[in-house]
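K.L.:
This is model_27.pdb, which holds PDB, C-alpha atoms, pLDDT in the B column:
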ATOM      1  CA  ASP P 290      15.520 -69.567 -41.751  1.00 70.00           C
ATOM      2  CA  THR P 291      13.499 -71.162 -38.950  1.00 69.00           C
ATOM      3  CA  GLY P 292      10.804 -72.488 -41.250  1.00 92.00           C
ATOM      4  CA  VAL P 293       8.121 -70.104 -39.936  1.00 97.00           C
ATOM      5  CA  SER P 294       6.877 -67.917 -42.747  1.00 97.00           C
ATOM      6  CA  GLN P 295       5.104 -64.588 -42.348  1.00 98.00           C
ATOM      7  CA  ASN P 296       3.419 -62.435 -44.943  1.00 98.00           C
ATOM      8  CA  PRO P 297       3.510 -59.663 -45.833  1.00 98.00           C
ATOM      9  CA  ARG P 298       6.898 -58.650 -44.478  1.00 97.00           C
ATOM     10  CA  HIS P 299       6.008 -55.000 -44.603  1.00 97.00           C
ATOM     11  CA  LYS P 300       2.669 -53.220 -44.623  1.00 98.00           C
ATOM     12  CA  ILE P 301       2.043 -49.496 -44.759  1.00 98.00           C
ATOM     13  CA  THR P 302      -1.532 -48.429 -44.240  1.00 98.00           C
ATOM     14  CA  LYS P 303      -3.562 -45.388 -43.403  1.00 98.00           C
ATOM     15  CA  ARG P 304      -5.213 -44.981 -40.064  1.00 98.00           C
ATOM     16  CA  GLY P 305      -8.632 -46.579 -39.995  1.00 98.00           C
ATOM     17  CA  GLN P 306      -7.868 -49.279 -42.547  1.00 98.00           C
ATOM     18  CA  ASN P 307      -7.922 -52.990 -41.805  1.00 98.00           C
ATOM     19  CA  VAL P 308      -4.857 -55.179 -42.199  1.00 98.00           C
ATOM     20  CA  THR P 309      -4.338 -58.910 -42.085  1.00 98.00           C
ATOM     21  CA  PHE P 310      -1.131 -60.835 -41.477  1.00 98.00           C
ATOM     22  CA  ARG P 311      -0.578 -64.490 -42.201  1.00 98.00           C
ATOM     23  CA  CYS P 312       1.684 -66.973 -40.467  1.00 98.00           C
ATOM     24  CA  ASP P 313       2.645 -70.415 -41.709  1.00 97.00           C
ATOM     25  CA  PRO P 314       4.288 -72.323 -38.853  1.00 97.00           C
ATOM     26  CA  ILE P 315       6.589 -75.305 -39.071  1.00 95.00           C
ATOM     27  CA  SER P 316       4.309 -78.083 -40.267  1.00 91.00           C
ATOM     28  CA  GLU P 317       4.532 -80.440 -37.294  1.00 88.00           C
ATOM     29  CA  HIS P 318       4.178 -77.665 -34.714  1.00 92.00           C
ATOM     30  CA  ASN P 319       0.783 -77.660 -33.036  1.00 91.00           C
ATOM     31  CA  ARG P 320       1.352 -74.526 -30.979  1.00 93.00           C
ATOM     32  CA  LEU P 321       1.330 -71.089 -32.529  1.00 95.00           C
ATOM     33  CA  TYR P 322       1.931 -67.717 -30.894  1.00 96.00           C
ATOM     34  CA  TRP P 323       1.560 -64.104 -31.933  1.00 97.00           C
ATOM     35  CA  TYR P 324       3.761 -61.441 -30.404  1.00 97.00           C
ATOM     36  CA  ARG P 325       4.140 -57.720 -30.986  1.00 97.00           C
ATOM     37  CA  GLN P 326       7.479 -55.966 -30.796  1.00 96.00           C
ATOM     38  CA  THR P 327       8.265 -52.258 -30.822  1.00 93.00           C
ATOM     39  CA  LEU P 328      11.712 -50.751 -31.274  1.00 85.00           C
ATOM     40  CA  GLY P 329      14.095 -51.526 -28.442  1.00 82.00           C
ATOM     41  CA  GLN P 330      11.570 -53.666 -26.598  1.00 90.00           C
ATOM     42  CA  GLY P 331      11.197 -57.368 -26.159  1.00 92.00           C
ATOM     43  CA  PRO P 332       8.319 -59.161 -27.851  1.00 95.00           C
ATOM     44  CA  GLU P 333       4.966 -58.837 -26.073  1.00 95.00           C
ATOM     45  CA  PHE P 334       2.618 -61.802 -26.044  1.00 94.00           C
ATOM     46  CA  LEU P 335      -0.665 -61.339 -27.871  1.00 95.00           C
ATOM     47  CA  THR P 336      -2.279 -64.743 -28.241  1.00 95.00           C
ATOM     48  CA  TYR P 337      -1.663 -68.469 -28.404  1.00 92.00           C
ATOM     49  CA  PHE P 338      -3.207 -71.415 -30.251  1.00 94.00           C
ATOM     50  CA  GLN P 339      -2.949 -75.102 -29.675  1.00 93.00           C
ATOM     51  CA  ASN P 340      -4.074 -76.675 -32.911  1.00 93.00           C
ATOM     52  CA  GLU P 341      -7.158 -74.649 -33.909  1.00 94.00           C
ATOM     53  CA  ALA P 342      -8.106 -73.651 -30.361  1.00 94.00           C
ATOM     54  CA  GLN P 343      -7.221 -70.158 -29.169  1.00 93.00           C
ATOM     55  CA  LEU P 344      -6.251 -70.860 -25.572  1.00 91.00           C
ATOM     56  CA  GLU P 345      -5.026 -67.526 -24.315  1.00 89.00           C
ATOM     57  CA  LYS P 346      -5.303 -63.872 -25.250  1.00 91.00           C
ATOM     58  CA  SER P 347      -3.435 -60.949 -23.746  1.00 90.00           C
ATOM     59  CA  ARG P 348      -5.294 -57.910 -22.517  1.00 87.00           C
ATOM     60  CA  LEU P 349      -3.164 -56.117 -25.110  1.00 80.00           C
ATOM     61  CA  LEU P 350      -5.377 -57.745 -27.709  1.00 85.00           C
ATOM     62  CA  SER P 351      -8.177 -55.211 -27.954  1.00 89.00           C
ATOM     63  CA  ASP P 352     -11.439 -55.983 -29.697  1.00 93.00           C
ATOM     64  CA  ARG P 353      -9.951 -54.521 -32.884  1.00 96.00           C
ATOM     65  CA  PHE P 354      -7.589 -57.492 -33.024  1.00 97.00           C
ATOM     66  CA  SER P 355      -8.687 -60.959 -34.004  1.00 96.00           C
ATOM     67  CA  ALA P 356      -6.667 -64.064 -34.663  1.00 97.00           C
ATOM     68  CA  GLU P 357      -7.697 -67.341 -36.198  1.00 97.00           C
ATOM     69  CA  ARG P 358      -6.190 -70.698 -36.938  1.00 97.00           C
ATOM     70  CA  PRO P 359      -9.085 -72.429 -38.643  1.00 92.00           C
ATOM     71  CA  LYS P 360      -7.487 -75.732 -39.599  1.00 89.00           C
ATOM     72  CA  GLY P 361      -4.761 -75.862 -37.021  1.00 88.00           C
ATOM     73  CA  SER P 362      -2.121 -74.979 -39.576  1.00 93.00           C
ATOM     74  CA  PHE P 363      -1.658 -71.381 -40.759  1.00 97.00           C
ATOM     75  CA  SER P 364      -2.939 -68.465 -38.714  1.00 98.00           C
ATOM     76  CA  THR P 365      -4.111 -64.954 -39.496  1.00 98.00           C
ATOM     77  CA  LEU P 366      -4.015 -61.845 -37.354  1.00 98.00           C
ATOM     78  CA  GLU P 367      -6.390 -59.089 -38.378  1.00 98.00           C
ATOM     79  CA  ILE P 368      -6.335 -55.552 -37.064  1.00 98.00           C
ATOM     80  CA  GLN P 369      -9.427 -53.504 -37.747  1.00 98.00           C
ATOM     81  CA  ARG P 370      -9.576 -49.709 -37.797  1.00 98.00           C
ATOM     82  CA  THR P 371      -5.828 -49.407 -37.390  1.00 98.00           C
ATOM     83  CA  GLU P 372      -4.378 -46.702 -35.173  1.00 97.00           C
ATOM     84  CA  GLN P 373      -0.908 -45.192 -35.218  1.00 96.00           C
ATOM     85  CA  GLY P 374      -0.172 -46.986 -31.962  1.00 95.00           C
ATOM     86  CA  ASP P 375      -0.564 -50.284 -33.786  1.00 97.00           C
ATOM     87  CA  SER P 376       2.670 -49.624 -35.670  1.00 97.00           C
ATOM     88  CA  ALA P 377       5.000 -52.421 -34.657  1.00 97.00           C
ATOM     89  CA  MET P 378       6.561 -55.676 -35.759  1.00 97.00           C
ATOM     90  CA  TYR P 379       4.130 -58.572 -35.485  1.00 98.00           C
ATOM     91  CA  LEU P 380       5.941 -61.818 -34.832  1.00 98.00           C
ATOM     92  CA  CYS P 381       4.622 -65.316 -35.171  1.00 98.00           C
ATOM     93  CA  ALA P 382       6.238 -68.271 -33.461  1.00 96.00           C
ATOM     94  CA  SER P 383       5.545 -71.965 -33.222  1.00 95.00           C
ATOM     95  CA  ARG P 384       6.596 -75.021 -31.302  1.00 91.00           C
ATOM     96  CA  ARG P 385       5.438 -78.572 -30.825  1.00 82.00           C
ATOM     97  CA  THR P 386       4.127 -80.122 -27.648  1.00 80.00           C
ATOM     98  CA  GLY P 387       6.966 -81.937 -25.956  1.00 77.00           C
ATOM     99  CA  GLY P 388       9.634 -79.776 -27.510  1.00 73.00           C
ATOM    100  CA  VAL P 389      12.097 -77.754 -25.482  1.00 74.00           C
ATOM    101  CA  THR P 390       9.820 -75.701 -23.251  1.00 74.00           C
ATOM    102  CA  GLY P 391      11.397 -72.329 -23.828  1.00 82.00           C
ATOM    103  CA  GLU P 392      12.198 -72.788 -27.491  1.00 89.00           C
ATOM    104  CA  LEU P 393       9.912 -70.940 -29.832  1.00 93.00           C
ATOM    105  CA  PHE P 394      10.698 -70.768 -33.531  1.00 94.00           C
ATOM    106  CA  PHE P 395      10.028 -67.237 -34.684  1.00 96.00           C
ATOM    107  CA  GLY P 396       9.339 -65.980 -38.158  1.00 97.00           C
ATOM    108  CA  GLU P 397      10.977 -62.818 -39.445  1.00 96.00           C
ATOM    109  CA  GLY P 398       7.904 -60.779 -38.645  1.00 97.00           C
ATOM    110  CA  SER P 399       5.460 -58.505 -40.405  1.00 98.00           C
ATOM    111  CA  ARG P 400       6.236 -54.833 -39.931  1.00 97.00           C
ATOM    112  CA  LEU P 401       3.187 -52.579 -39.790  1.00 98.00           C
ATOM    113  CA  THR P 402       3.376 -48.834 -40.272  1.00 98.00           C
ATOM    114  CA  VAL P 403       0.179 -46.891 -39.734  1.00 98.00           C
ATOM    115  CA  LEU P 404       0.255 -43.383 -41.173  1.00 97.00           C
TER     116      LEU P 404
ATOM    117  CA  GLY H 127       3.630 -56.929 -11.055  1.00 38.00           C
ATOM    118  CA  GLU H 128       5.644 -59.465 -13.000  1.00 43.00           C
ATOM    119  CA  SER H 129       8.557 -58.181 -14.999  1.00 51.00           C
ATOM    120  CA  VAL H 130      11.711 -59.335 -16.623  1.00 59.00           C
ATOM    121  CA  GLY H 131      14.343 -56.707 -17.200  1.00 57.00           C
ATOM    122  CA  LEU H 132      17.912 -56.117 -18.168  1.00 49.00           C
ATOM    123  CA  HIS H 133      20.386 -53.954 -16.279  1.00 50.00           C
ATOM    124  CA  LEU H 134      22.193 -52.275 -19.184  1.00 48.00           C
ATOM    125  CA  PRO H 135      21.013 -51.309 -22.654  1.00 85.00           C
ATOM    126  CA  THR H 136      24.324 -51.866 -24.510  1.00 89.00           C
ATOM    127  CA  LEU H 137      27.486 -53.879 -24.132  1.00 93.00           C
ATOM    128  CA  SER H 138      30.631 -53.479 -26.222  1.00 95.00           C
ATOM    129  CA  VAL H 139      33.304 -56.175 -26.106  1.00 95.00           C
ATOM    130  CA  GLN H 140      36.500 -56.952 -27.920  1.00 96.00           C
ATOM    131  CA  GLU H 141      36.474 -59.905 -30.260  1.00 97.00           C
ATOM    132  CA  GLY H 142      37.817 -62.928 -28.445  1.00 96.00           C
ATOM    133  CA  ASP H 143      36.866 -61.675 -24.985  1.00 96.00           C
ATOM    134  CA  ASN H 144      34.124 -63.197 -22.887  1.00 96.00           C
ATOM    135  CA  SER H 145      30.764 -61.431 -22.672  1.00 96.00           C
ATOM    136  CA  ILE H 146      28.410 -61.407 -19.728  1.00 96.00           C
ATOM    137  CA  ILE H 147      24.841 -60.219 -20.149  1.00 95.00           C
ATOM    138  CA  ASN H 148      22.725 -59.828 -17.042  1.00 93.00           C
ATOM    139  CA  CYS H 149      19.008 -59.903 -16.396  1.00 92.00           C
ATOM    140  CA  ALA H 150      16.740 -59.480 -13.373  1.00 90.00           C
ATOM    141  CA  TYR H 151      13.355 -61.129 -13.026  1.00 86.00           C
ATOM    142  CA  SER H 152      10.581 -60.801 -10.477  1.00 78.00           C
ATOM    143  CA  ASN H 153       8.298 -63.810 -11.023  1.00 81.00           C
ATOM    144  CA  SER H 154       9.473 -66.405  -8.526  1.00 79.00           C
ATOM    145  CA  ALA H 155       6.955 -68.911  -9.888  1.00 83.00           C
ATOM    146  CA  SER H 156       8.674 -69.176 -13.264  1.00 85.00           C
ATOM    147  CA  ASP H 157       9.673 -72.676 -14.284  1.00 84.00           C
ATOM    148  CA  TYR H 158      12.084 -71.817 -17.058  1.00 89.00           C
ATOM    149  CA  PHE H 159      14.339 -68.938 -17.956  1.00 93.00           C
ATOM    150  CA  ILE H 160      15.479 -68.499 -21.498  1.00 94.00           C
ATOM    151  CA  TRP H 161      17.883 -66.428 -23.562  1.00 96.00           C
ATOM    152  CA  TYR H 162      17.121 -65.322 -27.089  1.00 97.00           C
ATOM    153  CA  LYS H 163      19.260 -63.591 -29.685  1.00 97.00           C
ATOM    154  CA  GLN H 164      17.811 -61.265 -32.304  1.00 96.00           C
ATOM    155  CA  GLU H 165      19.802 -60.146 -35.303  1.00 95.00           C
ATOM    156  CA  SER H 166      18.760 -57.135 -37.311  1.00 91.00           C
ATOM    157  CA  GLY H 167      15.734 -57.829 -39.485  1.00 89.00           C
ATOM    158  CA  LYS H 168      15.140 -61.267 -38.036  1.00 93.00           C
ATOM    159  CA  GLY H 169      12.952 -62.819 -35.402  1.00 95.00           C
ATOM    160  CA  PRO H 170      14.359 -63.867 -32.031  1.00 96.00           C
ATOM    161  CA  GLN H 171      16.357 -67.081 -31.995  1.00 96.00           C
ATOM    162  CA  PHE H 172      16.526 -69.454 -29.028  1.00 95.00           C
ATOM    163  CA  ILE H 173      19.969 -69.747 -27.463  1.00 96.00           C
ATOM    164  CA  ILE H 174      19.636 -71.687 -24.239  1.00 96.00           C
ATOM    165  CA  ASP H 175      17.256 -72.219 -21.351  1.00 94.00           C
ATOM    166  CA  ILE H 176      17.561 -73.225 -17.735  1.00 94.00           C
ATOM    167  CA  ARG H 177      15.029 -74.789 -15.446  1.00 92.00           C
ATOM    168  CA  SER H 178      14.315 -73.143 -12.122  1.00 91.00           C
ATOM    169  CA  ASN H 179      15.746 -76.084 -10.157  1.00 92.00           C
ATOM    170  CA  MET H 180      19.168 -75.617 -11.761  1.00 95.00           C
ATOM    171  CA  ASP H 181      21.778 -72.912 -11.221  1.00 96.00           C
ATOM    172  CA  LYS H 182      24.001 -73.455 -14.235  1.00 97.00           C
ATOM    173  CA  ARG H 183      23.701 -74.850 -17.698  1.00 97.00           C
ATOM    174  CA  GLN H 184      26.261 -74.929 -20.473  1.00 97.00           C
ATOM    175  CA  GLY H 185      25.863 -74.963 -24.194  1.00 94.00           C
ATOM    176  CA  GLN H 186      28.205 -74.423 -27.054  1.00 92.00           C
ATOM    177  CA  ARG H 187      30.270 -71.340 -26.061  1.00 96.00           C
ATOM    178  CA  VAL H 188      27.401 -70.170 -23.843  1.00 97.00           C
ATOM    179  CA  THR H 189      26.643 -70.646 -20.176  1.00 98.00           C
ATOM    180  CA  VAL H 190      23.519 -69.543 -18.366  1.00 97.00           C
ATOM    181  CA  LEU H 191      23.618 -68.918 -14.630  1.00 97.00           C
ATOM    182  CA  LEU H 192      20.546 -68.628 -12.440  1.00 96.00           C
ATOM    183  CA  ASN H 193      20.617 -67.117  -8.964  1.00 94.00           C
ATOM    184  CA  LYS H 194      17.181 -67.525  -7.470  1.00 91.00           C
ATOM    185  CA  THR H 195      18.159 -65.848  -4.215  1.00 91.00           C
ATOM    186  CA  VAL H 196      18.552 -62.485  -5.926  1.00 92.00           C
ATOM    187  CA  LYS H 197      16.371 -63.306  -8.951  1.00 91.00           C
ATOM    188  CA  HIS H 198      19.208 -62.850 -11.375  1.00 93.00           C
ATOM    189  CA  LEU H 199      19.963 -64.538 -14.693  1.00 94.00           C
ATOM    190  CA  SER H 200      23.084 -64.167 -16.765  1.00 96.00           C
ATOM    191  CA  LEU H 201      24.361 -65.295 -20.124  1.00 97.00           C
ATOM    192  CA  GLN H 202      28.060 -65.814 -20.602  1.00 98.00           C
ATOM    193  CA  ILE H 203      29.457 -66.027 -24.116  1.00 97.00           C
ATOM    194  CA  ALA H 204      32.986 -67.353 -24.410  1.00 97.00           C
ATOM    195  CA  ALA H 205      35.404 -66.045 -27.033  1.00 97.00           C
ATOM    196  CA  THR H 206      32.916 -63.543 -28.422  1.00 97.00           C
ATOM    197  CA  GLN H 207      32.816 -63.406 -32.204  1.00 96.00           C
ATOM    198  CA  PRO H 208      31.526 -60.753 -34.630  1.00 96.00           C
ATOM    199  CA  GLY H 209      28.589 -63.027 -35.380  1.00 96.00           C
ATOM    200  CA  ASP H 210      27.497 -62.678 -31.766  1.00 97.00           C
ATOM    201  CA  SER H 211      26.631 -59.040 -32.369  1.00 96.00           C
ATOM    202  CA  ALA H 212      22.888 -58.830 -31.839  1.00 96.00           C
ATOM    203  CA  VAL H 213      20.215 -57.859 -29.340  1.00 95.00           C
ATOM    204  CA  TYR H 214      19.819 -60.335 -26.496  1.00 96.00           C
ATOM    205  CA  PHE H 215      16.634 -60.898 -24.528  1.00 95.00           C
ATOM    206  CA  CYS H 216      15.987 -62.854 -21.408  1.00 94.00           C
ATOM    207  CA  ALA H 217      12.563 -64.400 -21.009  1.00 94.00           C
ATOM    208  CA  GLU H 218      10.658 -66.422 -18.491  1.00 91.00           C
ATOM    209  CA  ASN H 219       8.098 -69.105 -19.002  1.00 85.00           C
ATOM    210  CA  GLY H 220       5.925 -68.599 -15.956  1.00 76.00           C
ATOM    211  CA  ALA H 221       4.592 -71.573 -14.063  1.00 66.00           C
ATOM    212  CA  GLY H 222       3.712 -74.576 -16.167  1.00 59.00           C
ATOM    213  CA  ALA H 223       4.936 -75.913 -19.481  1.00 54.00           C
ATOM    214  CA  ASN H 224       2.106 -74.320 -21.458  1.00 59.00           C
ATOM    215  CA  SER H 225       2.747 -70.780 -20.311  1.00 61.00           C
ATOM    216  CA  LYS H 226       3.606 -68.031 -22.742  1.00 83.00           C
ATOM    217  CA  LEU H 227       7.032 -66.396 -22.661  1.00 90.00           C
ATOM    218  CA  THR H 228       7.459 -62.975 -21.091  1.00 90.00           C
ATOM    219  CA  PHE H 229      10.436 -61.119 -22.538  1.00 92.00           C
ATOM    220  CA  GLY H 230      12.539 -58.420 -20.973  1.00 88.00           C
ATOM    221  CA  LYS H 231      13.935 -55.406 -22.750  1.00 84.00           C
ATOM    222  CA  GLY H 232      16.837 -56.095 -25.068  1.00 89.00           C
ATOM    223  CA  ILE H 233      20.505 -55.434 -24.592  1.00 91.00           C
ATOM    224  CA  THR H 234      22.648 -54.808 -27.620  1.00 94.00           C
ATOM    225  CA  LEU H 235      25.939 -56.677 -27.803  1.00 96.00           C
ATOM    226  CA  SER H 236      28.497 -55.034 -30.070  1.00 95.00           C
ATOM    227  CA  VAL H 237      31.698 -56.903 -30.849  1.00 96.00           C
ATOM    228  CA  ARG H 238      34.737 -54.799 -31.725  1.00 93.00           C
ATOM    229  CA  PRO H 239      37.170 -56.365 -34.202  1.00 90.00           C
TER     230      PRO H 239
END
Can you give me the file's structure in the form of structure tokens?

P.N.:
Amino acid sequence: DTGVSQNPRHKITKRGQNVTFRCDPISEHNRLYWYRQTLGQGPEFLTYFQNEAQLEKSRLLSDRFSAERPKGSFSTLEIQRTEQGDSAMYLCASRRTGGVTGELFFGEGSRLTVL
Amino acid sequence: GESVGLHLPTLSVQEGDNSIINCAYSNSASDYFIWYKQESGKGPQFIIDIRSNMDKRQGQRVTVLLNKTVKHLSLQIAATQPGDSAVYFCAENGAGANSKLTFGKGITLSVRP
């Protein structure tokens, strides 16, 4: 257990519905990342926060995706009007400034299945 | 474009043997190269990283080698154990300490008893 908590662990939804995932990072970590992973592939970067500021977004993050980290602690990732292509594992990771550069602490992920 | 990739999709080794997992990268500007391990049902777990100005770094039972001439990264695991069975990913950090990680495709390591 890395200390990064994600909820829900599994979500099955119908196409067109909205879903929201929550991530609680390690408490002293000011940096938070969202990644998406499909079967057999490495995680793909979606977005990154430093404290409450969203500093970078991937072009993978269409306008149906929105992420927030309102108080610089937990974060939410919302997908609106879900499509079957959104089915994937959504991973959250965190680290602190000054930590080992390449070391992200990942949660166990939220698996989304869009029917 | 930038990419990080692995040569082989699977690797099967005998318990107790050494394992070598290889990776190619294309972004010469990367500052750090990292190896992650992902067990079934879990998120990726950091193993070891190496800075671009180094060519070798050792950890506990693991060694990472970086060959910038041919843009090649490898992970050596000594005395492979059943608990090493997992999917391994190489990743690069781009230029600058704040950069996101770009992961390659995974390679599955299977340890035979």

K.L.:
Kindly indicate which residue among P:Tyr379, P:Tyr337, P:Phe354, P:Phe395 lies nearest to Asn319 (chain P), using all atoms listed in the file for the distances.

P.N.:
P:Tyr337

K.L.:
Within 7 Å of region 181-191 of chain H, counting all atoms listed in the file, which residues show up once you throw out same-chain ones fewer than 4 positions away? Write them as a list in words, please.

P.N.:
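My reading of the contact set: Ile176, Leu199, Ser200, Leu201, Gln202, Ile203 and Ala204 of chain H.
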
K.L.:
For the file shown, report as an MDAnalysis selection string the outcome of the PyMOL selection byres ((chain P and resi 391) around 10) at residue level.

P.N.:
(chainID P and resid 384 388:390 392:394) or (chainID H and resid 157:162 172:177 217:219 223:227)

K.L.:
Restrict the calculation to only C-alpha atoms, then for each residue of chain P with any atom at most 12 Å from an atom of chain H give the closest atom pair and their distance in Å to one decimal, rows by chain and rising residue number, as a Markdown table.

P.N.:
| residue | atom | partner | partner_atom | distance |
| --- | --- | --- | --- | --- |
| P:Asp290 | CA | H:Lys168 | CA | 9.1 |
| P:Thr291 | CA | H:Gln171 | CA | 8.6 |
| P:Gly292 | CA | H:Gly169 | CA | 11.5 |
| P:Val293 | CA | H:Gly169 | CA | 9.8 |
| P:Ser294 | CA | H:Gly169 | CA | 10.8 |
| P:Gln295 | CA | H:Gly169 | CA | 10.6 |
| P:Arg298 | CA | H:Gly167 | CA | 10.2 |
| P:His299 | CA | H:Gly167 | CA | 11.3 |
| P:Arg320 | CA | H:Asn224 | CA | 9.6 |
| P:Leu321 | CA | H:Lys226 | CA | 10.5 |
| P:Tyr322 | CA | H:Lys226 | CA | 8.3 |
| P:Trp323 | CA | H:Lys226 | CA | 10.2 |
| P:Tyr324 | CA | H:Leu227 | CA | 9.8 |
| P:Arg325 | CA | H:Phe229 | CA | 11.1 |
| P:Gln326 | CA | H:Gly169 | CA | 9.9 |
| P:Thr327 | CA | H:Lys231 | CA | 10.4 |
| P:Leu328 | CA | H:Gly232 | CA | 9.7 |
| P:Gly329 | CA | H:Gly232 | CA | 6.3 |
| P:Gln330 | CA | H:Lys231 | CA | 4.8 |
| P:Gly331 | CA | H:Lys231 | CA | 4.8 |
| P:Pro332 | CA | H:Phe229 | CA | 6.0 |
| P:Glu333 | CA | H:Phe229 | CA | 6.9 |
| P:Phe334 | CA | H:Thr228 | CA | 7.0 |
| P:Leu335 | CA | H:Lys226 | CA | 9.5 |
| P:Thr336 | CA | H:Lys226 | CA | 8.7 |
| P:Tyr337 | CA | H:Lys226 | CA | 7.7 |
| P:Phe338 | CA | H:Asn224 | CA | 10.7 |
| P:Gln339 | CA | H:Asn224 | CA | 9.7 |
| P:Leu344 | CA | H:Asn224 | CA | 9.9 |
| P:Glu345 | CA | H:Lys226 | CA | 8.8 |
| P:Lys346 | CA | H:Lys226 | CA | 10.1 |
| P:Ser347 | CA | H:Lys226 | CA | 10.0 |
| P:Met378 | CA | H:Gly169 | CA | 9.6 |
| P:Tyr379 | CA | H:Gly169 | CA | 9.8 |
| P:Leu380 | CA | H:Gly169 | CA | 7.1 |
| P:Cys381 | CA | H:Gly169 | CA | 8.7 |
| P:Ala382 | CA | H:Gly169 | CA | 8.9 |
| P:Ser383 | CA | H:Lys226 | CA | 11.4 |
| P:Arg384 | CA | H:Asn224 | CA | 10.8 |
| P:Arg385 | CA | H:Asn224 | CA | 10.8 |
| P:Thr386 | CA | H:Asn224 | CA | 8.7 |
| P:Gly387 | CA | H:Ala223 | CA | 9.1 |
| P:Gly388 | CA | H:Ala223 | CA | 10.1 |
| P:Val389 | CA | H:Asp175 | CA | 8.6 |
| P:Thr390 | CA | H:Ala223 | CA | 6.2 |
| P:Gly391 | CA | H:Ile160 | CA | 6.1 |
| P:Glu392 | CA | H:Phe172 | CA | 5.7 |
| P:Leu393 | CA | H:Phe172 | CA | 6.8 |
| P:Phe394 | CA | H:Gln171 | CA | 6.9 |
| P:Phe395 | CA | H:Gly169 | CA | 5.3 |
| P:Gly396 | CA | H:Gly169 | CA | 5.5 |
| P:Glu397 | CA | H:Gly169 | CA | 4.5 |
| P:Gly398 | CA | H:Gly169 | CA | 6.3 |
| P:Ser399 | CA | H:Gly169 | CA | 10.0 |
| P:Arg400 | CA | H:Gly167 | CA | 10.0 |

K.L.:
Quick one: pull the distance between CA of Ser316 (chain P) and CA of Phe363 (chain P), Å, one decimal.

P.N.:
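Computed distance, CA of Ser316 (chain P) to CA of Phe363 (chain P), equals 9.0 Å.
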
K.L.:
Rounded to one decimal in Å, what is the spacing between CA of Ser178 (chain H) and CA of Lys163 (chain H)?

P.N.:
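One can read the CA of Ser178 (chain H) to CA of Lys163 (chain H) distance as 20.6 Å.
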
K.L.:
Quick one: distance from CA of Lys300 (chain P) to CA of Pro314 (chain P) in Å, one decimal?

P.N.:
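Answer for the CA of Lys300 (chain P) to CA of Pro314 (chain P) separation: 20.0 Å.
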
K.L.:
Name the residues in contact with Arg238 (chain H) at a cut-off of 9 Å, using all atoms listed in the file, excluding same-chain residues fewer than 4 positions from it; report them as a tab-separated table (two decimals) with C-alpha atoms, keeping the file's coordinate frame.

P.N.:
chain	number	residue	atom	x	y	z
H	138	SER	CA	30.63	-53.48	-26.22
H	139	VAL	CA	33.30	-56.18	-26.11
H	140	GLN	CA	36.50	-56.95	-27.92
H	141	GLU	CA	36.47	-59.90	-30.26
H	207	GLN	CA	32.82	-63.41	-32.20
H	208	PRO	CA	31.53	-60.75	-34.63

K.L.:
Compare P:Lys360, P:Gln343, P:Asp313, P:Thr302 by their minimum atom-to-atom distance to Leu404 (chain P), counting all atoms listed in the file, and give me the closest one.

P.N.:
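The answer is P:Thr302, which sits nearest to Leu404 (chain P).
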
K.L.:
Rebuild N, CA, C and O atoms on region 207-215 of chain H, as an mmCIF file, in the frame of the given file?

P.N.:
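The result, written out as rebuild_19.cif:
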data_model
loop_
_atom_site.group_PDB
_atom_site.id
_atom_site.type_symbol
_atom_site.label_atom_id
_atom_site.label_comp_id
_atom_site.auth_asym_id
_atom_site.auth_seq_id
_atom_site.Cartn_x
_atom_site.Cartn_y
_atom_site.Cartn_z
ATOM 1 N N GLN H 207 32.504 -63.539 -30.789
ATOM 2 C CA GLN H 207 32.816 -63.406 -32.204
ATOM 3 C C GLN H 207 31.948 -62.315 -32.837
ATOM 4 O O GLN H 207 30.885 -61.984 -32.308
ATOM 5 N N PRO H 208 32.355 -61.776 -33.965
ATOM 6 C CA PRO H 208 31.526 -60.753 -34.630
ATOM 7 C C PRO H 208 30.095 -61.216 -34.877
ATOM 8 O O PRO H 208 29.160 -60.423 -34.803
ATOM 9 N N GLY H 209 29.931 -62.499 -35.154
ATOM 10 C CA GLY H 209 28.589 -63.027 -35.380
ATOM 11 C C GLY H 209 27.706 -63.040 -34.148
ATOM 12 O O GLY H 209 26.499 -63.285 -34.254
ATOM 13 N N ASP H 210 28.290 -62.761 -33.002
ATOM 14 C CA ASP H 210 27.497 -62.678 -31.766
ATOM 15 C C ASP H 210 26.842 -61.319 -31.613
ATOM 16 O O ASP H 210 25.997 -61.139 -30.726
ATOM 17 N N SER H 211 27.229 -60.374 -32.442
ATOM 18 C CA SER H 211 26.631 -59.040 -32.369
ATOM 19 C C SER H 211 25.139 -59.137 -32.675
ATOM 20 O O SER H 211 24.731 -59.621 -33.735
ATOM 21 N N ALA H 212 24.344 -58.698 -31.723
ATOM 22 C CA ALA H 212 22.888 -58.830 -31.839
ATOM 23 C C ALA H 212 22.263 -58.196 -30.608
ATOM 24 O O ALA H 212 22.961 -57.704 -29.722
ATOM 25 N N VAL H 213 20.943 -58.232 -30.545
ATOM 26 C CA VAL H 213 20.215 -57.859 -29.340
ATOM 27 C C VAL H 213 19.853 -59.150 -28.605
ATOM 28 O O VAL H 213 19.379 -60.109 -29.220
ATOM 29 N N TYR H 214 20.087 -59.155 -27.311
ATOM 30 C CA TYR H 214 19.819 -60.335 -26.496
ATOM 31 C C TYR H 214 18.675 -60.048 -25.540
ATOM 32 O O TYR H 214 18.616 -58.983 -24.919
ATOM 33 N N PHE H 215 17.777 -61.019 -25.425
ATOM 34 C CA PHE H 215 16.634 -60.898 -24.528
ATOM 35 C C PHE H 215 16.611 -62.068 -23.563
ATOM 36 O O PHE H 215 16.827 -63.209 -23.970
#
